[in-house]
Amino acid sequence: WVFMVDDDFYLNVANAHRALASFDASQAIAVGIVGCGGHLCPQGGFCGGGGFAISRPAMEKIMEKGESAFQTDLMGHIAKEKNGIQSWADISVSCVLRRNEIPLLTMKGLYGWRVDGAGRKGSSLNEG
């Protein structure tokens, strides 16, 4: 597994190992908090702040054409808001995964960005 996190992320490694053990690491899959950025990536992507994990087979699939091809794909499809300024790396990587037909699965125990809004307490930032 490759676990992608931001610089302000806390990870309990033992808990992460336990949670990841419930997924088949031999399959091309990615796990995280699914459901954000539907307006930026078809079917949405991973929500920010909670991190996400990519299995080795999934990583090999998105990298099979080489580092340069991956970077061109990622940077050519950055998930940007309408203002053209704010972009979302987690959703951009999710879009790369989806373009490569890699399923995004929900991993319990991750807690992403939370804000009040959308008529209820604690709704996820960038929902929809």
# chains A, B, ... in the order shown; residues from 1 in each chain; ligands from 1
>>> select_by_dssp(residues="chain A", states="alpha helix (DSSP H)", output="JSON, numbers by chain")
{"A": [13, 14, 15, 16, 17, 18, 19, 20, 56, 57, 58, 59, 60, 61, 62, 63, 67, 68, 69, 70, 71, 72, 73, 74, 75, 76, 89, 90, 91, 92, 93, 94, 95, 96, 97, 98, 99]}
>>> write_last_selection(atoms="N, CA, C and O atoms", output="tab-separated table (two decimals), in the first residue's frame")
chain	number	residue	atom	x	y	z
A	13	VAL	N	-0.52	4.14	13.03
A	13	VAL	CA	-0.05	3.13	12.09
A	13	VAL	C	-0.66	1.76	12.38
A	13	VAL	O	-1.07	1.04	11.46
A	14	ALA	N	-0.73	1.38	13.64
A	14	ALA	CA	-1.31	0.07	13.99
A	14	ALA	C	-2.77	-0.01	13.54
A	14	ALA	O	-3.19	-1.03	12.97
A	15	ASN	N	-3.53	1.04	13.76
A	15	ASN	CA	-4.93	1.06	13.32
A	15	ASN	C	-5.03	1.02	11.80
A	15	ASN	O	-5.93	0.37	11.24
A	16	ALA	N	-4.13	1.73	11.12
A	16	ALA	CA	-4.14	1.73	9.65
A	16	ALA	C	-3.87	0.32	9.12
A	16	ALA	O	-4.54	-0.14	8.19
A	17	HIS	N	-2.91	-0.37	9.72
A	17	HIS	CA	-2.62	-1.74	9.31
A	17	HIS	C	-3.84	-2.63	9.49
A	17	HIS	O	-4.16	-3.44	8.60
A	18	ARG	N	-4.52	-2.49	10.62
A	18	ARG	CA	-5.72	-3.30	10.88
A	18	ARG	C	-6.81	-2.99	9.85
A	18	ARG	O	-7.46	-3.90	9.32
A	19	ALA	N	-7.03	-1.71	9.58
A	19	ALA	CA	-8.08	-1.32	8.64
A	19	ALA	C	-7.75	-1.80	7.22
A	19	ALA	O	-8.62	-2.31	6.51
A	20	LEU	N	-6.50	-1.65	6.80
A	20	LEU	CA	-6.11	-2.06	5.46
A	20	LEU	C	-6.16	-3.58	5.30
A	20	LEU	O	-6.37	-4.08	4.19
A	56	ARG	N	-0.67	-1.72	-4.32
A	56	ARG	CA	0.46	-1.84	-5.27
A	56	ARG	C	-0.04	-2.08	-6.70
A	56	ARG	O	0.43	-1.42	-7.63
A	57	PRO	N	-0.99	-3.03	-6.92
A	57	PRO	CA	-1.46	-3.23	-8.30
A	57	PRO	C	-2.10	-1.96	-8.90
A	57	PRO	O	-1.92	-1.70	-10.09
A	58	ALA	N	-2.80	-1.19	-8.09
A	58	ALA	CA	-3.39	0.06	-8.59
A	58	ALA	C	-2.29	1.06	-8.94
A	58	ALA	O	-2.35	1.73	-9.98
A	59	MET	N	-1.29	1.16	-8.08
A	59	MET	CA	-0.18	2.07	-8.34
A	59	MET	C	0.56	1.65	-9.60
A	59	MET	O	0.92	2.50	-10.43
A	60	GLU	N	0.79	0.35	-9.76
A	60	GLU	CA	1.46	-0.13	-10.96
A	60	GLU	C	0.65	0.19	-12.22
A	60	GLU	O	1.22	0.56	-13.25
A	61	LYS	N	-0.67	0.09	-12.10
A	61	LYS	CA	-1.53	0.36	-13.27
A	61	LYS	C	-1.47	1.83	-13.67
A	61	LYS	O	-1.35	2.14	-14.85
A	62	ILE	N	-1.54	2.75	-12.68
A	62	ILE	CA	-1.52	4.16	-13.06
A	62	ILE	C	-0.13	4.63	-13.47
A	62	ILE	O	0.01	5.66	-14.12
A	63	MET	N	0.89	3.85	-13.12
A	63	MET	CA	2.27	4.20	-13.48
A	63	MET	C	2.81	3.39	-14.66
A	63	MET	O	3.95	3.59	-15.07
A	67	GLU	N	6.54	7.50	-15.41
A	67	GLU	CA	6.36	8.66	-14.55
A	67	GLU	C	5.90	9.90	-15.33
A	67	GLU	O	5.01	10.63	-14.90
A	68	SER	N	6.50	10.12	-16.48
A	68	SER	CA	6.16	11.30	-17.28
A	68	SER	C	4.71	11.26	-17.75
A	68	SER	O	4.00	12.27	-17.69
A	69	ALA	N	4.25	10.08	-18.19
A	69	ALA	CA	2.86	9.94	-18.65
A	69	ALA	C	1.89	10.16	-17.48
A	69	ALA	O	0.86	10.81	-17.65
A	70	PHE	N	2.24	9.62	-16.31
A	70	PHE	CA	1.40	9.83	-15.13
A	70	PHE	C	1.31	11.31	-14.80
A	70	PHE	O	0.22	11.86	-14.58
A	71	GLN	N	2.44	11.98	-14.77
A	71	GLN	CA	2.47	13.40	-14.43
A	71	GLN	C	1.69	14.24	-15.45
A	71	GLN	O	0.96	15.15	-15.08
A	72	THR	N	1.83	13.90	-16.72
A	72	THR	CA	1.09	14.61	-17.77
A	72	THR	C	-0.41	14.43	-17.58
A	72	THR	O	-1.19	15.38	-17.69
A	73	ASP	N	-0.83	13.20	-17.29
A	73	ASP	CA	-2.25	12.91	-17.05
A	73	ASP	C	-2.75	13.68	-15.84
A	73	ASP	O	-3.78	14.37	-15.91
A	74	LEU	N	-2.03	13.59	-14.73
A	74	LEU	CA	-2.45	14.26	-13.50
A	74	LEU	C	-2.53	15.78	-13.69
A	74	LEU	O	-3.55	16.40	-13.40
A	75	MET	N	-1.46	16.37	-14.18
A	75	MET	CA	-1.40	17.82	-14.30
A	75	MET	C	-2.31	18.35	-15.41
A	75	MET	O	-2.77	19.49	-15.35
A	76	GLY	N	-2.61	17.51	-16.38
A	76	GLY	CA	-3.52	17.92	-17.46
A	76	GLY	C	-4.98	17.87	-17.07
A	76	GLY	O	-5.84	18.35	-17.81
A	89	ALA	N	-5.81	18.15	-4.85
A	89	ALA	CA	-4.94	17.05	-5.24
A	89	ALA	C	-5.60	15.69	-5.02
A	89	ALA	O	-5.47	14.79	-5.85
A	90	ASP	N	-6.32	15.53	-3.89
A	90	ASP	CA	-6.95	14.25	-3.60
A	90	ASP	C	-7.99	13.89	-4.66
A	90	ASP	O	-8.08	12.74	-5.09
A	91	ILE	N	-8.74	14.88	-5.11
A	91	ILE	CA	-9.74	14.61	-6.15
A	91	ILE	C	-9.05	14.41	-7.50
A	91	ILE	O	-9.45	13.56	-8.29
A	92	SER	N	-7.99	15.15	-7.76
A	92	SER	CA	-7.24	14.97	-9.01
A	92	SER	C	-6.68	13.55	-9.11
A	92	SER	O	-6.78	12.92	-10.16
A	93	VAL	N	-6.09	13.04	-8.03
A	93	VAL	CA	-5.58	11.67	-8.03
A	93	VAL	C	-6.74	10.69	-8.16
A	93	VAL	O	-6.64	9.69	-8.88
A	94	SER	N	-7.87	10.98	-7.51
A	94	SER	CA	-9.06	10.12	-7.64
A	94	SER	C	-9.48	10.02	-9.10
A	94	SER	O	-9.85	8.93	-9.57
A	95	CYS	N	-9.44	11.13	-9.83
A	95	CYS	CA	-9.82	11.13	-11.24
A	95	CYS	C	-8.87	10.26	-12.06
A	95	CYS	O	-9.30	9.55	-12.96
A	96	VAL	N	-7.57	10.33	-11.76
A	96	VAL	CA	-6.59	9.46	-12.43
A	96	VAL	C	-6.96	8.00	-12.16
A	96	VAL	O	-6.98	7.17	-13.09
A	97	LEU	N	-7.26	7.68	-10.92
A	97	LEU	CA	-7.64	6.30	-10.57
A	97	LEU	C	-8.89	5.88	-11.34
A	97	LEU	O	-8.93	4.79	-11.91
A	98	ARG	N	-9.88	6.74	-11.37
A	98	ARG	CA	-11.13	6.41	-12.09
A	98	ARG	C	-10.89	6.25	-13.59
A	98	ARG	O	-11.47	5.35	-14.21
A	99	ARG	N	-10.05	7.11	-14.19
A	99	ARG	CA	-9.76	6.97	-15.62
A	99	ARG	C	-9.07	5.63	-15.92
A	99	ARG	O	-9.15	5.13	-17.03
>>> closest_residue(among="A:Asn12, A:Ser87, A:Ser22, A:Ser55", to="A:Gly37", atoms="only C-alpha atoms")
A:Ser87
>>> closest_residue(among="A:Gly109, A:Gly66, A:Pro42, A:Gly48", to="A:Met4", atoms="only C-alpha atoms")
A:Gly48
>>> select_by_dssp(residues="stretch 34-100 of chain A", states="strand (DSSP E or B)", output="PyMOL selection string")
chain A and resi 34-36+45-46+52-54+80+87
>>> decode(residues="stretch 29-112 of chain A", atoms="C-alpha atoms", output="short mmCIF file (atom, residue, chain, number, x, y, z; two decimals), in the first residue's frame")
data_model
loop_
_atom_site.label_atom_id
_atom_site.label_comp_id
_atom_site.auth_asym_id
_atom_site.auth_seq_id
_atom_site.Cartn_x
_atom_site.Cartn_y
_atom_site.Cartn_z
CA ILE A 29 -8.08 -0.68 -5.55
CA ALA A 30 -7.82 2.56 -3.61
CA VAL A 31 -9.43 3.24 -0.23
CA GLY A 32 -10.28 6.43 1.62
CA ILE A 33 -13.23 8.74 2.30
CA VAL A 34 -15.25 8.54 -0.92
CA GLY A 35 -17.86 11.08 -1.95
CA CYS A 36 -16.36 14.51 -2.60
CA GLY A 37 -15.81 16.52 -5.75
CA GLY A 38 -18.60 15.06 -7.88
CA HIS A 39 -18.67 18.34 -9.78
CA LEU A 40 -14.93 17.97 -10.51
CA CYS A 41 -14.54 14.25 -11.22
CA PRO A 42 -17.19 11.90 -12.65
CA GLN A 43 -18.57 9.79 -9.78
CA GLY A 44 -16.62 11.92 -7.28
CA GLY A 45 -13.39 11.20 -5.52
CA PHE A 46 -11.66 11.08 -2.17
CA CYS A 47 -12.45 13.74 0.41
CA GLY A 48 -9.53 15.80 1.69
CA GLY A 49 -7.97 15.63 5.10
CA GLY A 50 -8.37 11.93 5.83
CA GLY A 51 -5.72 10.50 3.53
CA PHE A 52 -6.17 7.58 1.18
CA ALA A 53 -4.35 4.37 0.30
CA ILE A 54 -3.54 2.91 -3.11
CA SER A 55 -2.73 -0.79 -3.50
CA ARG A 56 0.46 -1.84 -5.27
CA PRO A 57 -1.46 -3.23 -8.30
CA ALA A 58 -3.39 0.06 -8.59
CA MET A 59 -0.18 2.07 -8.34
CA GLU A 60 1.46 -0.13 -10.96
CA LYS A 61 -1.53 0.36 -13.27
CA ILE A 62 -1.52 4.16 -13.06
CA MET A 63 2.27 4.20 -13.48
CA GLU A 64 2.53 1.56 -16.24
CA LYS A 65 3.19 4.14 -18.99
CA GLY A 66 5.92 5.77 -16.91
CA GLU A 67 6.36 8.66 -14.55
CA SER A 68 6.16 11.30 -17.28
CA ALA A 69 2.86 9.94 -18.65
CA PHE A 70 1.40 9.83 -15.13
CA GLN A 71 2.47 13.40 -14.43
CA THR A 72 1.09 14.61 -17.77
CA ASP A 73 -2.25 12.91 -17.05
CA LEU A 74 -2.45 14.26 -13.50
CA MET A 75 -1.40 17.82 -14.30
CA GLY A 76 -3.52 17.92 -17.46
CA HIS A 77 -6.65 17.16 -15.45
CA ILE A 78 -6.21 19.10 -12.19
CA ALA A 79 -9.53 19.30 -10.33
CA LYS A 80 -10.06 23.07 -10.07
CA GLU A 81 -12.97 25.06 -8.74
CA LYS A 82 -14.76 27.48 -11.07
CA ASN A 83 -12.60 30.34 -9.80
CA GLY A 84 -9.63 28.56 -11.40
CA ILE A 85 -7.55 29.14 -8.28
CA GLN A 86 -8.43 26.43 -5.76
CA SER A 87 -7.44 22.93 -6.80
CA TRP A 88 -7.76 19.60 -5.02
CA ALA A 89 -4.94 17.05 -5.24
CA ASP A 90 -6.95 14.25 -3.60
CA ILE A 91 -9.74 14.61 -6.15
CA SER A 92 -7.24 14.97 -9.01
CA VAL A 93 -5.58 11.67 -8.03
CA SER A 94 -9.06 10.12 -7.64
CA CYS A 95 -9.82 11.13 -11.24
CA VAL A 96 -6.59 9.46 -12.43
CA LEU A 97 -7.64 6.30 -10.57
CA ARG A 98 -11.13 6.41 -12.09
CA ARG A 99 -9.76 6.97 -15.62
CA ASN A 100 -7.75 3.77 -15.05
CA GLU A 101 -10.91 1.94 -13.88
CA ILE A 102 -9.60 1.49 -10.35
CA PRO A 103 -12.43 1.25 -7.78
CA LEU A 104 -12.48 3.79 -4.94
CA LEU A 105 -13.66 2.10 -1.75
CA THR A 106 -14.57 3.52 1.64
CA MET A 107 -12.17 2.90 4.51
CA LYS A 108 -13.65 3.34 7.98
CA GLY A 109 -11.69 5.22 10.62
CA LEU A 110 -10.52 8.13 8.48
CA TYR A 111 -11.69 11.62 9.37
CA GLY A 112 -11.38 14.38 6.79
#
